[in-house]
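Peer 1: My questions all concern the structure below.
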Amino acid sequence: MTGTTLCLLLLSVVAVTAAWPVPRALTRANWPEREPVVALWVWQCLVATVLLCCLTALALGAAAVFGTVRAQLFAPAPPAVTAAYDLSAAPPWAAALTLLLACGAAWTTAMLGRELADARRRRAQARAHLLERAPDLPAGLPAARGPLLVLEDEYPDAWWMPGSPPQLIVTTGALRRLTDHQIDAVLTHERGHARAHHDWLLHLSTALATGFPRVPLFAHFCDQTHRLVELAADDTASRRCGHLTTALALIELNRHRGVLSCASSHRLLGERVDRLLKPPPRLGRRDRALTTTAAALVPLLPLLITFAPGLTALP
């Protein structure tokens with residue numbers, strides 16, 4: 001078995017393992033609810049592992065199938081390193097695998113581009129709608145807007161609008177219904193989303209789930225990301241304002257939506273309230289450090305597999 005064949009097989013095994021059984025086991029675990037930030041990091045590392053497996057396998061497969069690609073990739077490498085991969089003796093299925101991975105890479109790029117374009121369009125429409133509801137002041141008056149925008153609306157609501165410049169929007173209904181401490185909790189929650197750039201995570205997870213809906217990793221990554229970013233922002237607010245204040249703010253802010261109903265669209269809100277009223281114990285500092293470090297090392301596995309034949313061939 002040649003070095004290239006072994007690398008492609010090992011990369012396939014790692015990718016399949018990270019894309020199928022591992023995410024299913026992770027969704028059944030209880031600890032992500034206790035540490036949503038760490039859980040988000042683990043999901044990102046799993047996705048990075050699969051993408052790196054596909055990318056490195058595509059590079060090796062293309063080098064084995066196309067001589068021009070081989071010449072470019074291995075031009076600076078010593079002859080012993082090139083011989084260790086034995087690219088000319090690649091198996092016949094390497095060409096099919098390379099074509100499949102190339103199509104997958106093109107499709108992934110297209111889905112990411114479409115998601116970013118859709119997000120930009122939705123943001124532009126939202127900003128145009130805000131401009132209609134809160135127009136700029138006439139010339140000569142101080143019209144500069146700050147990061148906080150108050151809208152006249154009877155329904156209590158607050159949300160963060162990313163962009164340039166980003167803005168935090170809160171309605172007068174929220175200001176009337178919530179206490180000062182509850183308003184502080186809501187604003188802290190939304191700022192937590194902004195500081196962690198949760199919008200980029202949501203765009204990435206949505207694009208991958210849309211492009212590959214039958215891959216468990218990407219489907220679970222999308223579902224869990226939408227859930228975990230809210231739990232992480234709740235934790236940010238509760239650490240500053242208290243669990244009870246944050247829970248009451250969430251209830252008051254969503255009372256007209258039926259926060260405690262059993263409908264599937266509102267189930268997450270109910271879970272968030274229950275979690276704030278009965279906060280689960282956090283993982284120990286040692287366990288958090290070990291989980292974070294182990295997750296960070298997993299994406300290095302495809303790189304180690306890919307470069308292993310060349311490294312062992314060096315004198």
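Each chain of the structure tokens is named A, B, ... in the order shown, its residues numbered from 1; ligands are numbered from 1 in display order.
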Any idea what's packed within 12 Å of A:Val13, counting only C-alpha atoms, ignoring anything in its chain fewer than 4 positions away? Could you give it as a list in words?

Peer 2: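 The filter keeps Leu6, Cys7, Leu8, Leu9, Thr17, Ala18, Ala19, Trp20, Pro21, Thr49, Val50, Cys53, Cys54, Ala57, Leu301, Pro302 and Ile305 of chain A.
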
Peer 1: Step one, run DSSP on the backbone; step two, keep only residues of stretch 59-245 of chain A assigned to strand (DSSP E or B); then write them as a ChimeraX atom specification.

Peer 2: /A:148-151,158-161,167-171

Peer 1: Output N, CA, C and O atoms of each residue in that selection to a file, as a compact mmCIF listing (two decimals), in the first residue's frame.

Peer 2:
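Full text of selection-v9.txt as output:
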# COMPACT_ATOMS: atom_id res chain seq x y z
N LEU A 148 -27.04 52.40 20.27
CA LEU A 148 -28.36 52.02 20.79
C LEU A 148 -29.43 52.84 20.07
O LEU A 148 -29.36 54.06 19.98
N LEU A 149 -30.44 52.12 19.56
CA LEU A 149 -31.55 52.77 18.88
C LEU A 149 -32.85 52.35 19.54
O LEU A 149 -33.11 51.15 19.72
N VAL A 150 -33.67 53.32 19.94
CA VAL A 150 -34.96 53.06 20.57
C VAL A 150 -36.06 53.27 19.54
O VAL A 150 -36.14 54.33 18.91
N LEU A 151 -36.90 52.24 19.36
CA LEU A 151 -38.00 52.30 18.41
C LEU A 151 -39.33 52.39 19.16
O LEU A 151 -39.52 51.74 20.20
N ALA A 158 -35.99 43.38 21.71
CA ALA A 158 -34.64 43.91 21.64
C ALA A 158 -33.81 42.95 20.82
O ALA A 158 -33.95 41.74 20.94
N TRP A 159 -32.96 43.48 19.97
CA TRP A 159 -32.11 42.63 19.15
C TRP A 159 -30.88 43.40 18.71
O TRP A 159 -30.86 44.63 18.71
N TRP A 160 -29.87 42.64 18.37
CA TRP A 160 -28.60 43.21 17.90
C TRP A 160 -28.54 43.05 16.40
O TRP A 160 -28.73 41.96 15.87
N MET A 161 -28.25 44.15 15.69
CA MET A 161 -28.13 44.11 14.24
C MET A 161 -26.66 44.27 13.87
O MET A 161 -26.10 45.37 14.01
N GLN A 167 -25.67 47.93 15.56
CA GLN A 167 -26.61 48.66 16.38
C GLN A 167 -27.40 47.71 17.26
O GLN A 167 -27.71 46.60 16.85
N LEU A 168 -27.69 48.19 18.46
CA LEU A 168 -28.55 47.48 19.39
C LEU A 168 -29.89 48.19 19.41
O LEU A 168 -29.96 49.39 19.71
N ILE A 169 -30.96 47.48 19.05
CA ILE A 169 -32.29 48.07 18.95
C ILE A 169 -33.15 47.57 20.09
O ILE A 169 -33.18 46.37 20.37
N VAL A 170 -33.86 48.48 20.74
CA VAL A 170 -34.79 48.14 21.81
C VAL A 170 -36.05 48.96 21.60
O VAL A 170 -35.99 50.12 21.18
N THR A 171 -37.19 48.36 21.86
CA THR A 171 -38.46 49.05 21.65
C THR A 171 -38.92 49.74 22.93
O THR A 171 -38.51 49.37 24.04

Peer 1: Residues at most 9 Å from stretch 31-41 of chain A, counting only C-alpha atoms, excluding those fewer than 2 positions away in the same chain, as a list in words?

Peer 2: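 Close residues of stretch 31-41 of chain A: Leu26, Thr27, Ala29, Trp43, Gln44, Cys45, Leu46, Phe221, Gln224, Thr225, Arg227, Leu228, Val229, Glu230, Leu231, Ala232, Asp235, Arg275, Pro279, Pro280, Pro281, Arg282, Leu283, Arg288, Thr291, Thr292, Ala295 and Ala296 of chain A.
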
Peer 1: Please write the residues from the selection above to a file, keeping N, CA, C and O atoms, as a compact mmCIF listing (two decimals), in the first residue's frame.

Peer 2:
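Output file part-v4.txt follows:
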# COMPACT_ATOMS: atom_id res chain seq x y z
N LEU A 26 -22.43 13.46 20.77
CA LEU A 26 -22.33 14.76 21.41
C LEU A 26 -23.71 15.36 21.68
O LEU A 26 -23.92 16.03 22.70
N THR A 27 -24.66 15.12 20.79
CA THR A 27 -26.01 15.65 21.01
C THR A 27 -26.71 14.96 22.17
O THR A 27 -27.64 15.53 22.76
N ALA A 29 -25.09 14.04 24.92
CA ALA A 29 -24.38 14.37 26.15
C ALA A 29 -25.10 15.48 26.91
O ALA A 29 -25.83 16.30 26.32
N TRP A 43 -17.88 21.82 18.72
CA TRP A 43 -18.56 21.68 17.42
C TRP A 43 -17.74 22.31 16.30
O TRP A 43 -17.63 21.74 15.21
N GLN A 44 -17.16 23.47 16.56
CA GLN A 44 -16.34 24.11 15.54
C GLN A 44 -15.12 23.27 15.20
O GLN A 44 -14.73 23.17 14.02
N CYS A 45 -14.51 22.66 16.20
CA CYS A 45 -13.34 21.83 15.95
C CYS A 45 -13.70 20.58 15.15
O CYS A 45 -12.94 20.14 14.29
N LEU A 46 -14.88 19.99 15.42
CA LEU A 46 -15.33 18.85 14.64
C LEU A 46 -15.54 19.22 13.17
O LEU A 46 -15.13 18.50 12.27
N PHE A 221 -24.78 20.49 13.85
CA PHE A 221 -24.02 21.72 14.08
C PHE A 221 -24.93 22.94 13.95
O PHE A 221 -24.87 23.87 14.76
N GLN A 224 -27.54 22.82 17.00
CA GLN A 224 -26.89 23.09 18.28
C GLN A 224 -26.33 24.50 18.35
O GLN A 224 -26.32 25.11 19.42
N THR A 225 -25.87 25.04 17.23
CA THR A 225 -25.33 26.40 17.24
C THR A 225 -26.43 27.39 17.58
O THR A 225 -26.23 28.29 18.41
N ARG A 227 -28.99 26.88 19.30
CA ARG A 227 -29.36 26.70 20.72
C ARG A 227 -28.25 27.20 21.64
O ARG A 227 -28.52 27.92 22.61
N LEU A 228 -27.01 26.84 21.36
CA LEU A 228 -25.91 27.12 22.28
C LEU A 228 -25.54 28.60 22.32
O LEU A 228 -25.11 29.09 23.37
N VAL A 229 -25.70 29.32 21.21
CA VAL A 229 -25.38 30.74 21.26
C VAL A 229 -26.34 31.49 22.19
O VAL A 229 -25.93 32.45 22.86
N GLU A 230 -27.59 31.03 22.25
CA GLU A 230 -28.53 31.66 23.16
C GLU A 230 -28.19 31.33 24.61
O GLU A 230 -28.27 32.19 25.50
N LEU A 231 -27.81 30.07 24.86
CA LEU A 231 -27.42 29.70 26.22
C LEU A 231 -26.17 30.45 26.66
O LEU A 231 -26.07 30.89 27.82
N ALA A 232 -25.22 30.61 25.75
CA ALA A 232 -24.00 31.33 26.07
C ALA A 232 -24.29 32.80 26.38
O ALA A 232 -23.74 33.38 27.33
N ASP A 235 -25.84 33.09 29.77
CA ASP A 235 -24.84 33.00 30.83
C ASP A 235 -24.11 34.33 31.00
O ASP A 235 -23.80 34.74 32.13
N ARG A 275 -33.55 26.73 32.66
CA ARG A 275 -32.11 26.67 32.93
C ARG A 275 -31.65 27.85 33.78
O ARG A 275 -30.76 27.71 34.64
N PRO A 279 -30.07 26.87 37.49
CA PRO A 279 -28.81 26.80 36.72
C PRO A 279 -28.05 25.51 37.03
O PRO A 279 -27.85 25.17 38.20
N PRO A 280 -27.63 24.78 35.98
CA PRO A 280 -26.86 23.56 36.22
C PRO A 280 -25.44 23.89 36.66
O PRO A 280 -24.92 24.97 36.34
N PRO A 281 -24.82 23.02 37.42
CA PRO A 281 -23.44 23.30 37.87
C PRO A 281 -22.48 23.28 36.69
O PRO A 281 -22.61 22.47 35.76
N ARG A 282 -21.53 24.18 36.69
CA ARG A 282 -20.54 24.24 35.62
C ARG A 282 -19.52 23.12 35.77
O ARG A 282 -19.35 22.55 36.86
N LEU A 283 -18.85 22.81 34.68
CA LEU A 283 -17.75 21.87 34.76
C LEU A 283 -16.60 22.48 35.54
O LEU A 283 -16.47 23.71 35.61
N ARG A 288 -12.85 21.74 31.94
CA ARG A 288 -13.00 22.69 30.84
C ARG A 288 -11.70 22.81 30.04
O ARG A 288 -11.72 22.84 28.80
N THR A 291 -11.15 19.54 27.98
CA THR A 291 -12.06 19.45 26.85
C THR A 291 -11.67 20.42 25.75
O THR A 291 -11.65 20.07 24.56
N THR A 292 -11.33 21.64 26.13
CA THR A 292 -10.94 22.65 25.14
C THR A 292 -9.66 22.25 24.43
O THR A 292 -9.55 22.37 23.20
N ALA A 295 -10.24 19.18 22.09
CA ALA A 295 -10.96 19.58 20.87
C ALA A 295 -10.04 20.33 19.92
O ALA A 295 -10.12 20.16 18.69
N ALA A 296 -9.16 21.17 20.46
CA ALA A 296 -8.25 21.93 19.60
C ALA A 296 -7.23 21.04 18.90
O ALA A 296 -6.74 21.38 17.82

Peer 1: Report the distance between atom CA of A:Gly104 and atom CA of A:Val215 in Å, rounded to one decimal place.

Peer 2: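 Atom CA of A:Val215 lies at a distance of 12.3 Å from atom CA of A:Gly104.
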
Peer 1: Do you know which residues are at most 8 Å from stretch 89-93 of chain A counting only C-alpha atoms, after dropping those on the same chain fewer than 4 positions away, and could you put them as a list in words?

Peer 2: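 In the requested format, the answer is Thr2, Thr4, Thr5, Ala64, Val65 and Leu97 of chain A.
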
Peer 1: Keeping N, CA and C atoms, export the residues of the selection given above as a PDB file, in the first residue's frame.

Peer 2:
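Writing done, so here's part-v1.pdb:
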ATOM      1  N   THR A   2       0.659   2.141  -0.941  1.00  0.00           N
ATOM      2  CA  THR A   2       1.468   3.343  -1.065  1.00  0.00           C
ATOM      3  C   THR A   2       1.113   4.354   0.020  1.00  0.00           C
ATOM      4  N   THR A   4       0.287   7.473  -0.406  1.00  0.00           N
ATOM      5  CA  THR A   4      -0.904   8.239  -0.767  1.00  0.00           C
ATOM      6  C   THR A   4      -2.183   7.459  -0.475  1.00  0.00           C
ATOM      7  N   THR A   5      -2.190   6.180  -0.810  1.00  0.00           N
ATOM      8  CA  THR A   5      -3.367   5.346  -0.555  1.00  0.00           C
ATOM      9  C   THR A   5      -3.678   5.279   0.934  1.00  0.00           C
ATOM     10  N   ALA A  64      -2.105  13.119  -7.207  1.00  0.00           N
ATOM     11  CA  ALA A  64      -1.929  11.777  -7.750  1.00  0.00           C
ATOM     12  C   ALA A  64      -2.501  11.648  -9.155  1.00  0.00           C
ATOM     13  N   VAL A  65      -3.549  12.394  -9.447  1.00  0.00           N
ATOM     14  CA  VAL A  65      -4.231  12.262 -10.737  1.00  0.00           C
ATOM     15  C   VAL A  65      -3.649  13.194 -11.787  1.00  0.00           C
ATOM     16  N   LEU A  97     -12.604   9.779  -6.167  1.00  0.00           N
ATOM     17  CA  LEU A  97     -12.638  10.490  -4.896  1.00  0.00           C
ATOM     18  C   LEU A  97     -12.275  11.962  -5.087  1.00  0.00           C
TER      19      LEU A  97
END

Peer 1: Of the candidates A:Leu290, A:Leu276, A:Ala194, A:Leu130, which one gets nearest to A:Ser238 if we count only C-alpha atoms?

Peer 2: A:Leu276

Peer 1: Could you pull out the alpha helix (DSSP H) residues of stretch 185-271 of chain A from DSSP and send them as a compact mmCIF listing (two decimals) with N, CA, C and O atoms, in the first residue's frame?

Peer 2:
# COMPACT_ATOMS: atom_id res chain seq x y z
N ALA A 185 -30.03 43.34 31.73
CA ALA A 185 -29.80 41.92 31.40
C ALA A 185 -30.01 41.66 29.90
O ALA A 185 -29.24 40.94 29.26
N VAL A 186 -31.07 42.27 29.34
CA VAL A 186 -31.35 42.09 27.92
C VAL A 186 -30.23 42.67 27.06
O VAL A 186 -29.75 42.04 26.11
N LEU A 187 -29.78 43.88 27.41
CA LEU A 187 -28.71 44.51 26.65
C LEU A 187 -27.40 43.73 26.78
O LEU A 187 -26.65 43.58 25.80
N THR A 188 -27.13 43.21 27.97
CA THR A 188 -25.93 42.40 28.15
C THR A 188 -26.00 41.12 27.33
O THR A 188 -24.99 40.67 26.76
N HIS A 189 -27.18 40.51 27.27
CA HIS A 189 -27.38 39.31 26.45
C HIS A 189 -27.06 39.60 24.99
O HIS A 189 -26.31 38.85 24.34
N GLU A 190 -27.60 40.69 24.47
CA GLU A 190 -27.38 41.02 23.06
C GLU A 190 -25.93 41.40 22.80
O GLU A 190 -25.37 41.07 21.75
N ARG A 191 -25.30 42.10 23.74
CA ARG A 191 -23.88 42.43 23.56
C ARG A 191 -23.02 41.18 23.60
O ARG A 191 -21.97 41.12 22.95
N GLY A 192 -23.47 40.16 24.35
CA GLY A 192 -22.74 38.90 24.36
C GLY A 192 -22.73 38.26 22.98
O GLY A 192 -21.70 37.71 22.54
N HIS A 193 -23.85 38.31 22.27
CA HIS A 193 -23.89 37.83 20.89
C HIS A 193 -22.90 38.59 20.02
O HIS A 193 -22.18 38.00 19.21
N ALA A 194 -22.88 39.90 20.19
CA ALA A 194 -22.03 40.73 19.32
C ALA A 194 -20.55 40.48 19.58
O ALA A 194 -19.76 40.34 18.65
N ARG A 195 -20.16 40.42 20.86
CA ARG A 195 -18.74 40.24 21.18
C ARG A 195 -18.23 38.89 20.71
O ARG A 195 -17.06 38.77 20.30
N HIS A 198 -21.46 35.74 17.11
CA HIS A 198 -22.34 34.58 16.92
C HIS A 198 -23.00 34.59 15.53
O HIS A 198 -23.37 33.52 15.03
N ASP A 199 -23.14 35.77 14.93
CA ASP A 199 -23.77 35.81 13.61
C ASP A 199 -22.97 35.06 12.58
O ASP A 199 -23.52 34.40 11.69
N TRP A 200 -21.64 35.10 12.68
CA TRP A 200 -20.80 34.36 11.73
C TRP A 200 -20.94 32.85 11.93
O TRP A 200 -20.96 32.09 10.94
N LEU A 201 -21.02 32.43 13.18
CA LEU A 201 -21.24 31.01 13.44
C LEU A 201 -22.58 30.54 12.87
O LEU A 201 -22.68 29.45 12.29
N LEU A 202 -23.59 31.36 13.03
CA LEU A 202 -24.92 30.99 12.52
C LEU A 202 -24.92 30.93 10.99
O LEU A 202 -25.53 30.03 10.40
N HIS A 203 -24.23 31.85 10.34
CA HIS A 203 -24.15 31.82 8.88
C HIS A 203 -23.43 30.55 8.40
O HIS A 203 -23.87 29.89 7.45
N LEU A 204 -22.31 30.23 9.05
CA LEU A 204 -21.55 29.04 8.65
C LEU A 204 -22.36 27.77 8.84
O LEU A 204 -22.43 26.92 7.94
N SER A 205 -22.98 27.63 10.00
CA SER A 205 -23.74 26.41 10.28
C SER A 205 -24.94 26.28 9.35
O SER A 205 -25.26 25.18 8.89
N THR A 206 -25.60 27.39 9.05
CA THR A 206 -26.75 27.36 8.15
C THR A 206 -26.33 26.97 6.74
O THR A 206 -27.00 26.17 6.07
N ALA A 207 -25.21 27.52 6.27
CA ALA A 207 -24.74 27.20 4.92
C ALA A 207 -24.38 25.72 4.80
O ALA A 207 -24.74 25.07 3.81
N LEU A 208 -23.67 25.18 5.78
CA LEU A 208 -23.29 23.76 5.71
C LEU A 208 -24.50 22.84 5.82
O LEU A 208 -24.58 21.84 5.10
N ALA A 209 -25.45 23.18 6.68
CA ALA A 209 -26.65 22.35 6.82
C ALA A 209 -27.51 22.42 5.57
O ALA A 209 -28.14 21.43 5.19
N THR A 210 -27.56 23.59 4.93
CA THR A 210 -28.33 23.72 3.69
C THR A 210 -27.68 22.95 2.55
O THR A 210 -28.37 22.31 1.75
N GLY A 211 -26.37 23.01 2.47
CA GLY A 211 -25.67 22.34 1.39
C GLY A 211 -25.59 20.83 1.56
O GLY A 211 -25.62 20.09 0.56
N PRO A 216 -24.94 14.18 9.25
CA PRO A 216 -25.35 14.46 10.64
C PRO A 216 -24.56 15.58 11.29
O PRO A 216 -25.13 16.37 12.05
N LEU A 217 -23.25 15.65 11.03
CA LEU A 217 -22.45 16.68 11.67
C LEU A 217 -22.97 18.07 11.34
O LEU A 217 -23.16 18.91 12.22
N PHE A 218 -23.23 18.34 10.07
CA PHE A 218 -23.64 19.68 9.66
C PHE A 218 -25.07 19.98 10.13
O PHE A 218 -25.38 21.11 10.51
N ALA A 219 -25.95 18.98 10.08
CA ALA A 219 -27.32 19.19 10.55
C ALA A 219 -27.35 19.47 12.06
O ALA A 219 -28.01 20.42 12.52
N HIS A 220 -26.61 18.67 12.83
CA HIS A 220 -26.56 18.89 14.28
C HIS A 220 -25.81 20.18 14.62
O HIS A 220 -26.16 20.87 15.58
N PHE A 221 -24.78 20.49 13.85
CA PHE A 221 -24.02 21.72 14.08
C PHE A 221 -24.93 22.94 13.95
O PHE A 221 -24.87 23.87 14.76
N CYS A 222 -25.81 22.93 12.96
CA CYS A 222 -26.74 24.04 12.77
C CYS A 222 -27.72 24.12 13.94
O CYS A 222 -27.93 25.20 14.53
N ASP A 223 -28.34 23.00 14.28
CA ASP A 223 -29.32 23.00 15.37
C ASP A 223 -28.69 23.41 16.70
O ASP A 223 -29.23 24.24 17.43
N GLN A 224 -27.54 22.82 17.00
CA GLN A 224 -26.89 23.09 18.28
C GLN A 224 -26.33 24.50 18.35
O GLN A 224 -26.32 25.11 19.42
N THR A 225 -25.87 25.04 17.23
CA THR A 225 -25.33 26.40 17.24
C THR A 225 -26.43 27.39 17.58
O THR A 225 -26.23 28.29 18.41
N HIS A 226 -27.61 27.24 16.95
CA HIS A 226 -28.71 28.15 17.25
C HIS A 226 -29.12 28.05 18.73
O HIS A 226 -29.55 29.05 19.32
N ARG A 227 -28.99 26.88 19.30
CA ARG A 227 -29.36 26.70 20.72
C ARG A 227 -28.25 27.20 21.64
O ARG A 227 -28.52 27.92 22.61
N LEU A 228 -27.01 26.84 21.36
CA LEU A 228 -25.91 27.12 22.28
C LEU A 228 -25.54 28.60 22.32
O LEU A 228 -25.11 29.09 23.37
N VAL A 229 -25.70 29.32 21.21
CA VAL A 229 -25.38 30.74 21.26
C VAL A 229 -26.34 31.49 22.19
O VAL A 229 -25.93 32.45 22.86
N GLU A 230 -27.59 31.03 22.25
CA GLU A 230 -28.53 31.66 23.16
C GLU A 230 -28.19 31.33 24.61
O GLU A 230 -28.27 32.19 25.50
N LEU A 231 -27.81 30.07 24.86
CA LEU A 231 -27.42 29.70 26.22
C LEU A 231 -26.17 30.45 26.66
O LEU A 231 -26.07 30.89 27.82
N ALA A 232 -25.22 30.61 25.75
CA ALA A 232 -24.00 31.33 26.07
C ALA A 232 -24.29 32.80 26.38
O ALA A 232 -23.74 33.38 27.33
N ALA A 233 -25.17 33.42 25.59
CA ALA A 233 -25.53 34.82 25.86
C ALA A 233 -26.32 34.94 27.15
O ALA A 233 -26.18 35.94 27.89
N ASP A 234 -27.16 33.95 27.45
CA ASP A 234 -27.87 33.96 28.74
C ASP A 234 -26.89 33.91 29.90
O ASP A 234 -27.07 34.60 30.92
N ASP A 235 -25.84 33.09 29.77
CA ASP A 235 -24.84 33.00 30.83
C ASP A 235 -24.11 34.33 31.00
O ASP A 235 -23.80 34.74 32.13
N THR A 236 -23.82 35.00 29.88
CA THR A 236 -23.17 36.30 29.97
C THR A 236 -24.03 37.29 30.74
O THR A 236 -23.54 38.04 31.59
N ALA A 237 -25.33 37.28 30.45
CA ALA A 237 -26.23 38.20 31.14
C ALA A 237 -26.41 37.82 32.61
O ALA A 237 -26.44 38.69 33.49
N SER A 238 -26.54 36.53 32.88
CA SER A 238 -26.79 36.10 34.26
C SER A 238 -25.58 36.33 35.16
O SER A 238 -25.74 36.58 36.36
N ARG A 239 -24.37 36.24 34.62
CA ARG A 239 -23.19 36.50 35.43
C ARG A 239 -23.13 37.96 35.88
O ARG A 239 -22.60 38.25 36.96
N ARG A 240 -23.67 38.85 35.08
CA ARG A 240 -23.65 40.27 35.44
C ARG A 240 -24.90 40.70 36.20
O ARG A 240 -24.80 41.48 37.17
N CYS A 241 -26.04 40.19 35.80
CA CYS A 241 -27.31 40.70 36.35
C CYS A 241 -28.03 39.70 37.24
O CYS A 241 -29.05 40.06 37.85
N HIS A 243 -29.28 35.32 37.71
CA HIS A 243 -30.10 34.36 36.99
C HIS A 243 -31.57 34.72 37.02
O HIS A 243 -32.27 34.64 36.01
N LEU A 244 -32.07 35.12 38.18
CA LEU A 244 -33.50 35.41 38.31
C LEU A 244 -33.87 36.64 37.47
O LEU A 244 -34.90 36.64 36.78
N THR A 245 -33.06 37.68 37.52
CA THR A 245 -33.35 38.88 36.74
C THR A 245 -33.36 38.58 35.26
O THR A 245 -34.24 39.04 34.51
N THR A 246 -32.39 37.78 34.80
CA THR A 246 -32.33 37.43 33.37
C THR A 246 -33.53 36.58 32.98
O THR A 246 -34.11 36.78 31.89
N ALA A 247 -33.93 35.64 33.84
CA ALA A 247 -35.09 34.81 33.52
C ALA A 247 -36.37 35.64 33.46
O ALA A 247 -37.19 35.48 32.54
N LEU A 248 -36.54 36.54 34.41
CA LEU A 248 -37.73 37.41 34.40
C LEU A 248 -37.75 38.32 33.18
O LEU A 248 -38.80 38.57 32.58
N ALA A 249 -36.58 38.81 32.79
CA ALA A 249 -36.50 39.65 31.59
C ALA A 249 -36.88 38.85 30.35
O ALA A 249 -37.58 39.35 29.46
N LEU A 250 -36.43 37.61 30.30
CA LEU A 250 -36.76 36.76 29.15
C LEU A 250 -38.25 36.48 29.10
O LEU A 250 -38.86 36.49 28.02
N ILE A 251 -38.86 36.24 30.25
CA ILE A 251 -40.31 35.98 30.29
C ILE A 251 -41.09 37.23 29.87
O ILE A 251 -42.00 37.15 29.04
N GLU A 252 -40.74 38.37 30.44
CA GLU A 252 -41.47 39.59 30.11
C GLU A 252 -41.29 39.97 28.64
O GLU A 252 -42.23 40.44 28.00
N LEU A 253 -40.10 39.74 28.12
CA LEU A 253 -39.82 40.13 26.74
C LEU A 253 -40.55 39.24 25.74
O LEU A 253 -40.81 39.66 24.62
N ASN A 254 -40.89 38.03 26.16
CA ASN A 254 -41.50 37.08 25.22
C ASN A 254 -42.89 36.63 25.66
O ASN A 254 -43.40 35.65 25.14
N ARG A 267 -40.12 26.08 22.36
CA ARG A 267 -39.56 25.15 23.36
C ARG A 267 -38.22 25.63 23.89
O ARG A 267 -37.92 25.50 25.08
N LEU A 268 -37.41 26.22 23.00
CA LEU A 268 -36.10 26.69 23.43
C LEU A 268 -36.24 27.80 24.47
O LEU A 268 -35.46 27.84 25.43
N LEU A 269 -37.21 28.67 24.30
CA LEU A 269 -37.41 29.73 25.27
C LEU A 269 -37.76 29.16 26.64
O LEU A 269 -37.25 29.61 27.67
N GLY A 270 -38.62 28.13 26.65
CA GLY A 270 -38.96 27.49 27.91
C GLY A 270 -37.75 26.83 28.55
O GLY A 270 -37.56 26.90 29.77
N GLU A 271 -36.92 26.18 27.74
CA GLU A 271 -35.72 25.54 28.27
C GLU A 271 -34.76 26.57 28.84
O GLU A 271 -34.12 26.34 29.87

Peer 1: Show which residues sit within 8 Å of A:Val81, as a list of chain:residue names. Count only C-alpha atoms, and ignore same-chain residues fewer than 2 positions away.

Peer 2: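 The residues satisfying every condition are A:Ala77, A:Pro78, A:Pro79, A:Ala83, A:Ala84, A:Tyr85, A:Pro309, A:Gly310, A:Leu311, A:Ala313, A:Leu314.
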
Peer 1: Could you tell me how far atom CA of A:Ala294 lies from atom CA of A:Val42, in Å and to one decimal?

Peer 2: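 Taking atom CA of A:Ala294 and atom CA of A:Val42, their separation equals 8.8 Å.
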
Peer 1: Using only C-alpha atoms, which residues sit within 6 Å of A:Ala174 once same-chain residues fewer than 3 positions away are excluded, as a list in words?

Peer 2: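 Once the nearby chain positions are removed, what remains is Pro156, Asp157, Thr171, Arg177 and Leu178 of chain A.
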
Peer 1: Just to be explicit: take each residue in the selection above, keep N, CA, C and O atoms, and write the result as a compact mmCIF listing (two decimals), in the first residue's frame.

Peer 2:
# COMPACT_ATOMS: atom_id res chain seq x y z
N PRO A 156 -42.74 44.52 23.39
CA PRO A 156 -41.38 44.55 23.94
C PRO A 156 -40.45 43.67 23.11
O PRO A 156 -40.74 42.51 22.83
N ASP A 157 -39.34 44.23 22.71
CA ASP A 157 -38.39 43.47 21.90
C ASP A 157 -37.03 44.15 21.97
O ASP A 157 -36.94 45.36 22.24
N THR A 171 -37.19 48.36 21.86
CA THR A 171 -38.46 49.05 21.65
C THR A 171 -38.92 49.74 22.93
O THR A 171 -38.51 49.37 24.04
N ARG A 177 -42.12 47.83 29.95
CA ARG A 177 -42.49 46.60 30.66
C ARG A 177 -41.39 46.11 31.58
O ARG A 177 -41.67 45.54 32.64
N LEU A 178 -40.13 46.29 31.21
CA LEU A 178 -39.02 45.73 31.98
C LEU A 178 -38.47 46.75 32.96
O LEU A 178 -38.51 47.97 32.72

Peer 1: One decimal, Å: what's the distance from atom CA of A:Ala62 over to atom CA of A:Ser12, could you say?

Peer 2: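 Computed distance, atom CA of A:Ala62 to atom CA of A:Ser12, equals 15.4 Å.
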